[in-house]
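**Q** Would you mind keeping the following structure in view while I ask a few things?
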Amino acid sequence: MVRAVKQNRLETSGPFSLVRHPLYAVWILFLFPGVALASGIWIMLGAAVVAWFFFEHWSKEEERFLEEIFGQEYEQYRLSVPALMPFLSGGGPP
């Protein structure tokens with residue numbers, strides 16, 4: 001991603017080919033549930049749900065910014081790659 005930013009291009013490979021927001025997805029799908037399982041602090045599963053709502057809000061701001069920069073290229077990417085959950089069909093409205 002760093003290379004793509006330096007080259008002013010949209011990164012759509014690697015983890016970005018699975019979800020548009022891979023860092024948010026990792027927190028929701030792995031980190032919070034992993035802490036809950038490892039520590040027995042089951043409230044952390046609730047933290048994943050809360051994080052989902054916050055990330056949904058923040059990602060909309062990011063997506064508006066990316067659409068301003070990359071236009072139709074980002075719109076096509078958004079429609080073909082899910083936001084947070086890999087292997088779900090397509091994107092959706094920002």
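Naming works like this for the structure tokens: A, B, ... for the chains as they're shown, residue 1 at the start of each chain, ligands 1 onward in shown order.
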Give me the residues within 8 Å of stretch 25-31 of chain A as number ranges by chain, counting only C-alpha atoms and dropping any in the same chain fewer than 4 places off.
**A** A: 19, 21, 35, 48-49, 51-52, 84-85
**Q** Just write the chosen residues, N, CA, C and O atoms, as an mmCIF file, in the first residue's frame.
**A**
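The resulting file, selection08.cif, is shown below:
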data_model
loop_
_atom_site.group_PDB
_atom_site.id
_atom_site.type_symbol
_atom_site.label_atom_id
_atom_site.label_comp_id
_atom_site.auth_asym_id
_atom_site.auth_seq_id
_atom_site.Cartn_x
_atom_site.Cartn_y
_atom_site.Cartn_z
ATOM 1 N N VAL A 19 -11.030 -7.564 0.739
ATOM 2 C CA VAL A 19 -11.898 -6.570 1.376
ATOM 3 C C VAL A 19 -11.320 -5.179 1.131
ATOM 4 O O VAL A 19 -10.112 -5.015 0.973
ATOM 5 N N HIS A 21 -11.321 -2.738 3.300
ATOM 6 C CA HIS A 21 -10.748 -2.217 4.543
ATOM 7 C C HIS A 21 -10.150 -3.363 5.362
ATOM 8 O O HIS A 21 -10.698 -3.775 6.384
ATOM 9 N N VAL A 35 -8.684 -12.239 21.344
ATOM 10 C CA VAL A 35 -8.477 -11.835 22.742
ATOM 11 C C VAL A 35 -9.540 -12.470 23.631
ATOM 12 O O VAL A 35 -9.239 -12.942 24.728
ATOM 13 N N ALA A 48 -16.133 -6.419 19.293
ATOM 14 C CA ALA A 48 -16.072 -6.605 17.843
ATOM 15 C C ALA A 48 -17.318 -6.032 17.179
ATOM 16 O O ALA A 48 -17.232 -5.398 16.119
ATOM 17 N N VAL A 49 -18.467 -6.210 17.799
ATOM 18 C CA VAL A 49 -19.714 -5.665 17.254
ATOM 19 C C VAL A 49 -19.696 -4.141 17.306
ATOM 20 O O VAL A 49 -20.056 -3.471 16.333
ATOM 21 N N ALA A 51 -17.037 -2.259 17.370
ATOM 22 C CA ALA A 51 -16.036 -1.830 16.388
ATOM 23 C C ALA A 51 -16.620 -1.852 14.984
ATOM 24 O O ALA A 51 -16.344 -0.955 14.180
ATOM 25 N N TRP A 52 -17.435 -2.856 14.676
ATOM 26 C CA TRP A 52 -18.068 -2.951 13.359
ATOM 27 C C TRP A 52 -18.831 -1.660 13.066
ATOM 28 O O TRP A 52 -18.697 -1.082 11.992
ATOM 29 N N LEU A 84 -15.920 -5.195 4.510
ATOM 30 C CA LEU A 84 -15.267 -5.749 5.703
ATOM 31 C C LEU A 84 -15.256 -7.266 5.794
ATOM 32 O O LEU A 84 -14.411 -7.829 6.460
ATOM 33 N N MET A 85 -16.200 -7.915 5.175
ATOM 34 C CA MET A 85 -16.319 -9.363 5.308
ATOM 35 C C MET A 85 -15.906 -10.047 4.007
ATOM 36 O O MET A 85 -16.615 -9.952 3.010
#
**Q** Can you tell me, as number ranges by chain, what residues are no more than 12 Å from A:His57 when counting only C-alpha atoms, ignoring any on the same chain fewer than 6 positions away?
**A** A: 24, 50-51, 63-64, 83, 94
**Q** Determine which residues of stretch 10-91 of chain A DSSP labels as helix (DSSP H, G or I) from the backbone of this structure, then write them out as a ChimeraX atom specification.
**A** /A:14-17,22-39,43-70,72-80
**Q** Under the rule that only C-alpha atoms are counted, which of A:Glu67, A:Val2, A:Ala36, A:Pro15 is the nearest residue to A:Leu79?
**A** A:Glu67
**Q** Figure out the distance between atom CA of A:Val81 and atom CA of A:Ala47, please, to one decimal in Å.
**A**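 Atom CA of A:Ala47 sits 24.8 Å away from atom CA of A:Val81.
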**Q** Give me the residues near A:Phe70 as a PyMOL selection string, where near means some atom within 10 Å (using only C-alpha atoms) and where sequence neighbours in that chain fewer than 4 positions away do not count.
**A** chain A and resi 8-10+65-66+74-75
**Q** Save the residues we just selected, all heavy atoms, as a compact mmCIF listing (two decimals), in the first residue's frame?
**A**
# COMPACT_ATOMS: atom_id res chain seq x y z
N ASN A 8 0.60 7.31 -6.30
CA ASN A 8 -0.73 7.88 -6.49
C ASN A 8 -1.64 6.95 -7.30
O ASN A 8 -2.28 7.36 -8.26
CB ASN A 8 -0.66 9.27 -7.13
CG ASN A 8 -1.96 10.02 -6.95
OD1 ASN A 8 -2.64 9.87 -5.93
ND2 ASN A 8 -2.33 10.81 -7.94
N ARG A 9 -1.67 5.67 -6.89
CA ARG A 9 -2.53 4.70 -7.56
C ARG A 9 -3.34 3.94 -6.52
O ARG A 9 -2.97 3.85 -5.36
CB ARG A 9 -1.73 3.74 -8.44
CG ARG A 9 -0.85 2.79 -7.71
CD ARG A 9 -0.17 1.80 -8.66
NE ARG A 9 0.82 1.03 -7.94
CZ ARG A 9 0.56 -0.04 -7.20
NH1 ARG A 9 -0.67 -0.48 -7.08
NH2 ARG A 9 1.52 -0.68 -6.58
N LEU A 10 -4.47 3.41 -6.95
CA LEU A 10 -5.36 2.66 -6.09
C LEU A 10 -4.83 1.24 -5.91
O LEU A 10 -4.59 0.54 -6.89
CB LEU A 10 -6.76 2.63 -6.71
CG LEU A 10 -7.83 1.88 -5.94
CD1 LEU A 10 -8.09 2.55 -4.60
CD2 LEU A 10 -9.11 1.83 -6.76
N PHE A 65 -13.57 10.03 0.25
CA PHE A 65 -12.28 10.62 -0.09
C PHE A 65 -11.63 9.88 -1.27
O PHE A 65 -11.16 10.50 -2.22
CB PHE A 65 -11.36 10.58 1.14
CG PHE A 65 -9.98 11.06 0.89
CD1 PHE A 65 -9.71 12.41 0.72
CD2 PHE A 65 -8.93 10.16 0.83
CE1 PHE A 65 -8.42 12.85 0.50
CE2 PHE A 65 -7.64 10.60 0.60
CZ PHE A 65 -7.39 11.95 0.44
N LEU A 66 -11.64 8.55 -1.21
CA LEU A 66 -11.04 7.76 -2.29
C LEU A 66 -11.79 7.93 -3.61
O LEU A 66 -11.18 7.95 -4.68
CB LEU A 66 -10.98 6.28 -1.89
CG LEU A 66 -9.99 5.96 -0.78
CD1 LEU A 66 -10.22 4.56 -0.25
CD2 LEU A 66 -8.56 6.13 -1.28
N TYR A 74 -12.30 3.80 -8.49
CA TYR A 74 -12.67 3.39 -7.14
C TYR A 74 -14.11 2.88 -7.10
O TYR A 74 -14.40 1.91 -6.41
CB TYR A 74 -12.50 4.51 -6.11
CG TYR A 74 -12.76 3.99 -4.73
CD1 TYR A 74 -11.81 3.23 -4.08
CD2 TYR A 74 -13.98 4.19 -4.11
CE1 TYR A 74 -12.06 2.69 -2.83
CE2 TYR A 74 -14.25 3.65 -2.87
CZ TYR A 74 -13.28 2.91 -2.23
OH TYR A 74 -13.54 2.35 -1.00
N GLU A 75 -15.01 3.51 -7.83
CA GLU A 75 -16.40 3.08 -7.86
C GLU A 75 -16.50 1.63 -8.34
O GLU A 75 -17.21 0.82 -7.75
CB GLU A 75 -17.21 3.99 -8.78
CG GLU A 75 -18.65 3.59 -8.94
CD GLU A 75 -19.49 3.73 -7.69
OE1 GLU A 75 -19.05 4.37 -6.72
OE2 GLU A 75 -20.59 3.16 -7.67
**Q** Could you jot down the atom CA of A:Phe53 to atom CA of A:Ser80 separation for me, Å, one decimal place?
**A**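 Straight-line distance from atom CA of A:Phe53 to atom CA of A:Ser80 works out to 21.7 Å.
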**Q** Quick check, in Å to one decimal: how far apart do atom CA of A:Leu37 and atom CA of A:Leu23 lie?
**A**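 So the answer is 20.0 Å.
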